[in-house]
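> If it helps, the file is called entry-v6.cif and holds mmCIF, C-alpha atoms:
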data_run
#
loop_
_atom_site.label_atom_id
_atom_site.label_comp_id
_atom_site.auth_asym_id
_atom_site.auth_seq_id
_atom_site.Cartn_x
_atom_site.Cartn_y
_atom_site.Cartn_z
CA MET A 203 0.00 0.00 0.00
CA ARG A 204 1.49 3.31 -1.13
CA LEU A 205 -0.05 6.66 -0.24
CA ARG A 206 1.05 10.13 -1.34
CA LEU A 207 0.39 12.76 1.32
CA THR A 208 0.07 16.47 0.56
CA LEU A 209 1.24 18.35 3.65
CA ASN A 210 0.52 22.01 4.33
CA THR A 211 2.59 23.80 6.94
CA THR A 212 1.01 25.91 9.65
CA ASN A 213 4.22 27.91 10.21
CA ARG A 214 4.94 31.28 8.62
CA THR A 215 8.54 30.17 8.12
CA THR A 216 9.04 26.41 8.01
CA ILE A 217 12.36 25.07 9.27
CA VAL A 218 13.05 21.37 9.79
CA PRO A 219 16.20 19.49 10.84
CA ILE A 220 18.33 18.06 8.05
CA ASN A 221 17.92 14.77 9.92
CA TYR A 222 14.11 14.94 9.90
CA GLN A 223 13.64 11.21 9.23
CA TYR A 224 13.41 10.02 12.83
CA PRO A 225 10.99 12.79 13.96
CA PHE A 226 8.83 12.02 10.91
CA SER A 227 8.84 8.33 11.81
CA ALA A 228 7.78 9.19 15.37
CA ALA A 229 4.94 11.37 13.99
CA ILE A 230 3.68 8.43 11.88
CA TYR A 231 3.70 6.17 14.96
CA LYS A 232 1.64 8.75 16.86
CA ILE A 233 -1.01 8.83 14.14
CA ILE A 234 -1.27 5.03 14.15
CA GLN A 235 -1.40 5.04 17.95
CA ARG A 236 -4.48 7.27 17.98
CA ALA A 237 -6.38 4.53 16.15
CA ASP A 238 -4.78 1.41 17.59
CA ALA A 239 -2.38 1.68 20.52
CA VAL A 240 -1.69 -2.07 20.50
CA TYR A 241 -0.65 -2.14 16.83
CA SER A 242 1.47 0.99 17.26
CA ALA A 243 3.26 -0.47 20.29
CA PHE A 244 3.82 -3.73 18.39
CA LEU A 245 5.44 -1.91 15.45
CA HIS A 246 7.55 0.33 17.66
CA ASN A 247 8.77 -2.31 20.10
CA TYR A 248 8.86 -5.52 18.09
CA GLY A 249 7.82 -5.46 14.44
CA TYR A 250 7.42 -8.67 12.47
CA GLY A 251 9.88 -11.44 13.14
CA ASN A 252 11.39 -13.66 15.80
CA GLU A 253 13.85 -13.16 18.63
CA HIS A 254 16.71 -12.54 16.17
CA LYS A 255 15.18 -10.50 13.33
CA HIS A 256 12.50 -7.81 13.38
CA PHE A 257 11.11 -5.74 10.51
CA LYS A 258 8.67 -2.83 10.80
CA LEU A 259 7.54 -3.22 7.16
CA PHE A 260 6.81 0.40 6.38
CA THR A 261 8.84 3.22 4.93
CA PHE A 262 8.54 6.72 3.50
CA SER A 263 10.22 8.88 0.90
CA ASP A 264 12.22 12.06 1.23
CA LEU A 265 10.17 15.24 1.59
CA ASN A 266 9.42 16.52 -1.90
CA VAL A 267 9.71 20.31 -1.53
CA PRO A 268 12.26 22.98 -2.55
CA PHE A 269 14.53 23.96 0.33
CA GLN A 270 17.60 25.94 1.30
CA ILE A 271 20.25 24.43 3.59
CA ALA A 272 21.20 26.56 6.60
CA ASN A 273 23.76 24.75 8.77
CA ASP A 274 21.89 21.71 10.15
CA ARG A 275 18.45 23.02 9.12
CA LEU A 276 16.34 22.96 5.97
CA LEU A 277 14.45 26.17 5.22
CA LEU A 278 11.45 25.11 3.14
CA LYS A 279 10.68 27.44 0.25
CA ARG A 280 7.02 26.40 -0.16
CA ASP A 281 4.17 26.02 2.31
CA ASN A 282 3.25 22.55 1.02
CA ALA A 283 5.21 19.35 0.52
CA LYS A 284 4.65 15.83 -0.79
CA LEU A 285 5.54 12.64 1.02
CA LEU A 286 5.10 9.00 -0.05
CA VAL A 287 4.22 6.64 2.82
CA CYS A 288 4.30 2.87 2.23
CA PHE A 289 2.88 0.03 4.36
CA HIS A 290 3.01 -3.71 3.80
CA LEU A 291 -0.66 -4.26 4.63
CA PRO A 292 -3.59 -5.90 2.80
CA GLN A 293 -5.20 -3.70 0.16
CA ALA A 294 -8.46 -3.99 2.09
CA ALA A 295 -6.91 -1.80 4.82
CA GLU A 296 -6.28 1.12 2.44
CA ASN A 297 -9.40 3.16 3.25
CA PHE A 298 -8.83 2.60 6.96
CA VAL A 299 -5.23 3.86 6.74
CA LYS A 300 -6.31 6.84 4.61
CA GLY A 301 -8.78 7.74 7.31
CA LEU A 302 -6.05 7.62 9.94
CA PHE A 303 -3.97 10.25 8.13
CA MET A 304 -6.59 12.64 6.74
CA ASN A 305 -6.47 16.07 8.43
CA GLN A 306 -3.93 14.82 10.98
CA GLN A 307 -1.00 16.92 12.17
CA LEU A 308 2.62 15.82 11.89
CA GLU A 309 5.15 17.65 14.03
CA ILE A 310 8.82 17.65 13.05
CA ALA A 311 10.66 18.98 16.05
CA ASP A 312 13.91 18.82 17.97
CA LYS A 313 15.58 21.13 20.51
CA LYS A 314 16.24 23.84 17.89
CA SER A 315 13.10 24.05 15.75
CA LYS A 316 9.54 22.83 15.32
CA ALA A 317 7.41 22.58 12.19
CA THR A 318 3.78 21.47 12.06
CA PHE A 319 2.16 20.03 8.94
CA VAL A 320 -1.48 19.18 8.30
CA VAL A 321 -2.37 16.33 5.92
CA GLN A 322 -4.57 18.03 3.31
CA LYS A 323 -4.78 15.31 0.66
CA ILE A 324 -4.15 11.58 0.35
CA GLU A 325 -3.78 9.75 -2.95
CA SER A 326 -3.25 6.06 -3.66
CA VAL A 327 -0.13 5.41 -5.72
CA ALA A 328 -0.02 2.38 -7.99
CA GLU A 329 3.30 1.69 -9.69
CA ASN A 330 2.88 1.08 -13.43
CA ILE A 331 4.04 -2.54 -13.32
CA ASP A 332 2.88 -5.33 -15.62
CA TYR A 333 2.54 -8.05 -13.02
CA ALA A 334 2.57 -11.67 -14.17
CA SER A 335 -0.69 -13.61 -13.87
CA ASP A 336 1.08 -16.31 -11.88
CA LYS A 337 2.20 -14.89 -8.51
CA ASN A 338 5.30 -17.12 -8.61
CA GLU A 339 6.40 -16.07 -12.10
CA SER A 340 9.38 -13.70 -12.20
CA ILE A 341 9.07 -10.14 -13.47
CA SER A 342 11.74 -7.43 -13.86
CA VAL A 343 11.33 -3.81 -12.78
CA THR A 344 13.85 -0.95 -12.77
CA VAL A 345 13.58 1.22 -9.65
CA GLN A 346 15.27 4.31 -8.25
CA PRO A 347 15.67 5.40 -4.62
CA LEU A 348 13.07 7.88 -3.33
CA SER A 349 15.05 8.00 -0.08
CA PRO A 350 18.59 6.79 0.64
CA ILE A 351 19.13 3.03 0.37
CA VAL A 352 21.22 1.68 3.26
CA ALA A 353 23.08 -1.64 2.91
CA GLY A 354 25.71 -3.13 5.15
CA ARG A 355 27.13 -6.03 7.12
CA LYS A 356 27.60 -6.21 10.88
CA ASN A 357 31.19 -6.35 12.07
CA ASP A 358 32.64 -8.08 15.15
CA ARG A 359 31.55 -5.18 17.35
CA GLY A 360 27.93 -5.49 16.26
CA TYR A 361 27.93 -2.31 14.16
CA TYR A 362 27.19 -2.05 10.45
CA ASP A 363 29.93 -1.51 7.91
CA TYR A 364 27.98 0.30 5.20
CA ARG A 365 28.30 -0.52 1.53
CA SER A 366 28.17 1.70 -1.54
CA PRO A 367 26.37 0.65 -4.75
CA SER A 368 29.89 0.52 -6.23
CA ASP A 369 30.96 -2.19 -3.74
CA ASN A 370 30.95 -5.82 -4.85
CA ASP A 371 28.79 -7.07 -1.97
CA PHE A 372 26.21 -4.24 -2.02
CA VAL A 373 23.79 -6.47 -3.96
CA ASP A 374 24.37 -9.44 -1.62
CA CYS A 375 23.48 -7.26 1.38
CA LEU A 376 20.25 -6.06 -0.27
CA LEU A 377 19.27 -9.55 -1.39
CA HIS A 378 19.81 -11.02 2.08
CA ASN A 379 17.67 -8.32 3.71
CA TRP A 380 14.90 -8.56 1.07
CA THR A 381 14.59 -12.36 1.22
CA GLU A 382 14.71 -12.39 5.04
CA LYS A 383 11.81 -9.92 5.10
CA TYR A 384 9.83 -12.27 2.86
CA LYS A 385 10.59 -15.27 5.05
CA THR A 386 9.55 -13.34 8.15
CA VAL A 387 6.05 -12.52 6.89
CA ASN A 388 5.34 -15.81 5.08
CA ASP A 389 5.05 -19.26 6.61
CA ILE A 390 7.19 -21.18 4.11
CA ASP A 391 9.42 -24.22 4.33
CA GLU A 392 13.16 -24.11 3.67
CA ASN A 393 12.92 -25.67 0.19
CA TYR A 394 10.50 -23.00 -1.02
CA PHE A 395 12.63 -20.30 0.59
CA GLN A 396 15.65 -21.51 -1.37
CA GLN A 397 13.60 -21.28 -4.58
CA ILE A 398 12.68 -17.69 -3.73
CA LYS A 399 16.33 -16.82 -3.13
CA GLU A 400 17.42 -18.33 -6.44
CA GLN A 401 14.63 -16.52 -8.30
CA THR A 402 15.31 -13.08 -6.78
CA LYS A 403 18.02 -10.97 -8.41
CA ILE A 404 19.29 -7.38 -8.24
CA LYS A 405 21.50 -5.57 -10.75
CA VAL A 406 22.99 -2.16 -9.99
CA GLN A 407 22.81 0.45 -12.76
CA LEU A 408 25.17 3.39 -12.20
CA PHE A 409 25.16 6.71 -14.04
CA SER A 410 28.21 8.60 -15.29
CA GLN A 411 28.32 10.39 -11.93
CA PRO A 412 28.93 8.29 -8.77
CA PRO A 413 25.98 7.59 -6.45
CA GLN A 414 25.21 10.39 -4.02
CA GLN A 415 26.12 9.59 -0.42
CA ARG A 416 24.07 10.86 2.50
CA LEU A 417 24.77 10.54 6.23
CA ILE A 418 21.64 10.44 8.39
CA SER A 419 21.60 10.83 12.18
CA ILE A 420 18.89 8.92 14.03
CA LYS A 421 17.90 10.18 17.51
CA GLN A 422 20.26 13.10 16.97
CA GLY A 423 21.53 14.81 20.10
CA THR A 424 20.76 11.86 22.41
CA ALA A 425 22.85 9.12 24.00
CA GLU A 426 21.28 6.69 21.49
CA GLU A 427 22.31 8.67 18.39
CA THR A 428 23.16 6.47 15.41
CA ARG A 429 24.63 7.59 12.09
CA VAL A 430 23.81 5.61 8.98
CA ARG A 431 25.08 5.99 5.43
CA GLY A 432 22.74 5.66 2.47
CA TYR A 433 22.91 6.32 -1.27
CA THR A 434 20.72 7.84 -3.97
CA LYS A 435 21.19 8.80 -7.66
CA PHE A 436 21.44 5.30 -9.10
CA GLN A 437 19.06 2.59 -10.27
CA LEU A 438 18.40 -1.06 -9.54
CA GLN A 439 16.96 -3.70 -11.83
CA LEU A 440 14.91 -6.06 -9.65
CA THR A 441 13.85 -9.52 -10.78
CA ALA A 442 11.45 -11.39 -8.50
CA SER A 443 7.96 -12.82 -8.08
CA LYS A 444 4.93 -10.55 -7.74
CA GLU A 445 4.82 -11.08 -3.97
CA MET A 446 8.49 -10.25 -3.56
CA MET A 447 8.18 -7.18 -5.77
CA GLN A 448 5.18 -5.92 -3.81
CA LEU A 449 7.14 -6.36 -0.58
CA ALA A 450 9.99 -4.22 -1.94
CA PHE A 451 7.60 -1.40 -2.89
CA ASP A 452 5.57 -1.58 0.32
CA ALA A 453 8.33 -2.10 2.90
CA GLY A 454 11.44 -0.69 1.21
CA LEU A 455 14.84 -2.15 0.36
CA GLY A 456 17.82 -2.40 2.67
CA LEU A 457 18.12 -1.29 6.29
CA TYR A 458 16.36 1.34 8.45
CA ASN A 459 13.17 1.43 6.37
CA SER A 460 10.94 2.60 9.22
CA VAL A 461 13.00 5.78 9.63
CA GLY A 462 12.66 6.73 5.98
CA CYS A 463 15.36 4.78 4.18
CA GLY A 464 15.04 2.45 1.19
CA CYS A 465 11.82 3.78 -0.32
CA VAL A 466 11.85 3.06 -4.07
CA GLY A 467 9.77 3.91 -7.12
CA ALA A 468 9.53 2.34 -10.56
CA VAL A 469 11.37 4.19 -13.31
#
Could you take the file, read its structure, and then write that structure out as structure tokens?


Amino acid sequence: MRLRLTLNTTNRTTIVPINYQYPFSAAIYKIIQRADAVYSAFLHNYGYGNEHKHFKLFTFSDLNVPFQIANDRLLLKRDNAKLLVCFHLPQAAENFVKGLFMNQQLEIADKKSKATFVVQKIESVAENIDYASDKNESISVTVQPLSPIVAGRKNDRGYYDYRSPSDNDFVDCLLHNWTEKYKTVNDIDENYFQQIKEQTKIKVQLFSQPPQQRLISIKQGTAEETRVRGYTKFQLQLTASKEMMQLAFDAGLGLYNSVGCGCVGAV
């Protein structure tokens, strides 16, 4: 499920942190919590998975609005912005989720600034994909990042060593994360899971310019601050079944999806 939100600011001058992703994620949780505190707490504290792996299975794009950078702030140059929000939920829940967001306020705040947006419009977004009639048949789609894609491997200290799209194992990191998400939300045996892994492929397509790197701080200014490295300005050719492809569009690719990383759109 993919929804495009039109956000109107209530501030005369709208300033948001450069690292607005975590505050935006917290604002989305608050909206969900107003309707269902149990589901919100489940997403925030656990997500889908087992004792070793947990996935929140939602993501969102970068804010689509002209801006000017001023130190660690973004000065927005329009009083409205667009944002794509994606949930891996049944299509039957779409109207319910739309109702959750309509006319709601989202606050993007930290110790330095606060901006308030009101959701003025919600539109369903359907990617123009020619899905196969057989859900298990492979299809290929070229996508581009709508927010930074983060890929990496954990080192001996338990921290991620992040990978660039130019690195040899960037694709392996993305494939592992994508297939593990699928296994987490589907009750499948190991043989079928191996078939899914063999069927699912990713090919990086670079432009003449190198991919654009972006450092994002999560929980900035706190003892729990984490810095992650993601990349935009490149493309990926995905080959997978309809179910796998839908998961990529609904839940995002790579790491840190629930704080606004890994959102993709079909080219």

> Report the residues retrieved by the PyMOL selection byres ((chain A and resi 279-292) around 6) from the displayed file, expressed as a ChimeraX atom specification.

/A:203-211,259-263,265-269,278,293-295,452-453

> For Tyr361 of chain A, work out the shell of residues within 12 Å, counting all atoms listed in the file and skipping chain neighbours fewer than 5 positions away, then give it as a list in words.

Gly354, Arg355, Lys356, Thr428, Arg429 and Val430 of chain A

> Could you check which residues have any atom within 9 Å of (20.8, 7.9, -0.9), counting all atoms listed in the file with coordinates taken straight from the file, and then list them as a PyMOL selection string?

chain A and resi 347-352+413-417+431-436+463-464

> Could you dump the residues just selected with C-alpha atoms as a compact mmCIF listing (two decimals), in the coordinates of the input?


# COMPACT_ATOMS: atom_id res chain seq x y z
CA PRO A 347 15.67 5.40 -4.62
CA LEU A 348 13.07 7.88 -3.33
CA SER A 349 15.05 8.00 -0.08
CA PRO A 350 18.59 6.79 0.64
CA ILE A 351 19.13 3.03 0.37
CA VAL A 352 21.22 1.68 3.26
CA PRO A 413 25.98 7.59 -6.45
CA GLN A 414 25.21 10.39 -4.02
CA GLN A 415 26.12 9.59 -0.42
CA ARG A 416 24.07 10.86 2.50
CA LEU A 417 24.77 10.54 6.23
CA ARG A 431 25.08 5.99 5.43
CA GLY A 432 22.74 5.66 2.47
CA TYR A 433 22.91 6.32 -1.27
CA THR A 434 20.72 7.84 -3.97
CA LYS A 435 21.19 8.80 -7.66
CA PHE A 436 21.44 5.30 -9.10
CA CYS A 463 15.36 4.78 4.18
CA GLY A 464 15.04 2.45 1.19

> Using the chain letters and residue numbers of this document, give as a PyMOL selection string the residues selected by the PyMOL selection byres ((chain A and resi 225) around 10).

chain A and resi 218-219+221-224+226-231+308-312+420-422+461

> For the file shown, what are the residues hit by the PyMOL selection byres ((chain A and resi 439) around 7), laid out as a ChimeraX atom specification?

/A:342-345,404-406,437-438,440-441

> Between atom CA of Asn388 of chain A and atom CA of Met446 of chain A, measure the distance and give it in Å to one decimal.

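These two atoms are separated by 10.7 Å.
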
> Please complete segment 290-303 of chain A with N, CA and C atoms and give it back as an mmCIF file, keeping the file's coordinate frame.


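Below is the file rebuild.cif, written as the result:
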data_model
loop_
_atom_site.group_PDB
_atom_site.id
_atom_site.type_symbol
_atom_site.label_atom_id
_atom_site.label_comp_id
_atom_site.auth_asym_id
_atom_site.auth_seq_id
_atom_site.Cartn_x
_atom_site.Cartn_y
_atom_site.Cartn_z
ATOM 1 N N HIS A 290 3.268 -2.364 4.293
ATOM 2 C CA HIS A 290 3.010 -3.710 3.800
ATOM 3 C C HIS A 290 1.795 -4.252 4.539
ATOM 4 N N LEU A 291 0.624 -3.873 4.039
ATOM 5 C CA LEU A 291 -0.660 -4.260 4.630
ATOM 6 C C LEU A 291 -1.583 -4.713 3.514
ATOM 7 N N PRO A 292 -2.620 -5.499 3.829
ATOM 8 C CA PRO A 292 -3.590 -5.900 2.800
ATOM 9 C C PRO A 292 -4.244 -4.690 2.155
ATOM 10 N N GLN A 293 -4.562 -4.800 0.872
ATOM 11 C CA GLN A 293 -5.200 -3.700 0.160
ATOM 12 C C GLN A 293 -6.520 -3.302 0.795
ATOM 13 N N ALA A 294 -7.179 -4.269 1.447
ATOM 14 C CA ALA A 294 -8.460 -3.990 2.090
ATOM 15 C C ALA A 294 -8.334 -2.961 3.215
ATOM 16 N N ALA A 295 -7.119 -2.762 3.727
ATOM 17 C CA ALA A 295 -6.910 -1.800 4.820
ATOM 18 C C ALA A 295 -6.670 -0.390 4.316
ATOM 19 N N GLU A 296 -6.662 -0.176 2.993
ATOM 20 C CA GLU A 296 -6.280 1.120 2.440
ATOM 21 C C GLU A 296 -7.163 2.252 2.923
ATOM 22 N N ASN A 297 -8.491 2.086 2.828
ATOM 23 C CA ASN A 297 -9.400 3.160 3.250
ATOM 24 C C ASN A 297 -9.258 3.451 4.733
ATOM 25 N N PHE A 298 -9.023 2.400 5.527
ATOM 26 C CA PHE A 298 -8.830 2.600 6.960
ATOM 27 C C PHE A 298 -7.584 3.450 7.220
ATOM 28 N N VAL A 299 -6.483 3.123 6.529
ATOM 29 C CA VAL A 299 -5.230 3.860 6.740
ATOM 30 C C VAL A 299 -5.376 5.299 6.232
ATOM 31 N N LYS A 300 -6.053 5.478 5.096
ATOM 32 C CA LYS A 300 -6.310 6.840 4.610
ATOM 33 C C LYS A 300 -7.041 7.656 5.657
ATOM 34 N N GLY A 301 -8.023 7.035 6.280
ATOM 35 C CA GLY A 301 -8.780 7.740 7.310
ATOM 36 C C GLY A 301 -7.942 8.125 8.513
ATOM 37 N N LEU A 302 -6.936 7.300 8.820
ATOM 38 C CA LEU A 302 -6.050 7.620 9.940
ATOM 39 C C LEU A 302 -5.290 8.925 9.692
ATOM 40 N N PHE A 303 -4.862 9.143 8.436
ATOM 41 C CA PHE A 303 -3.970 10.250 8.130
ATOM 42 C C PHE A 303 -4.692 11.545 7.753
#
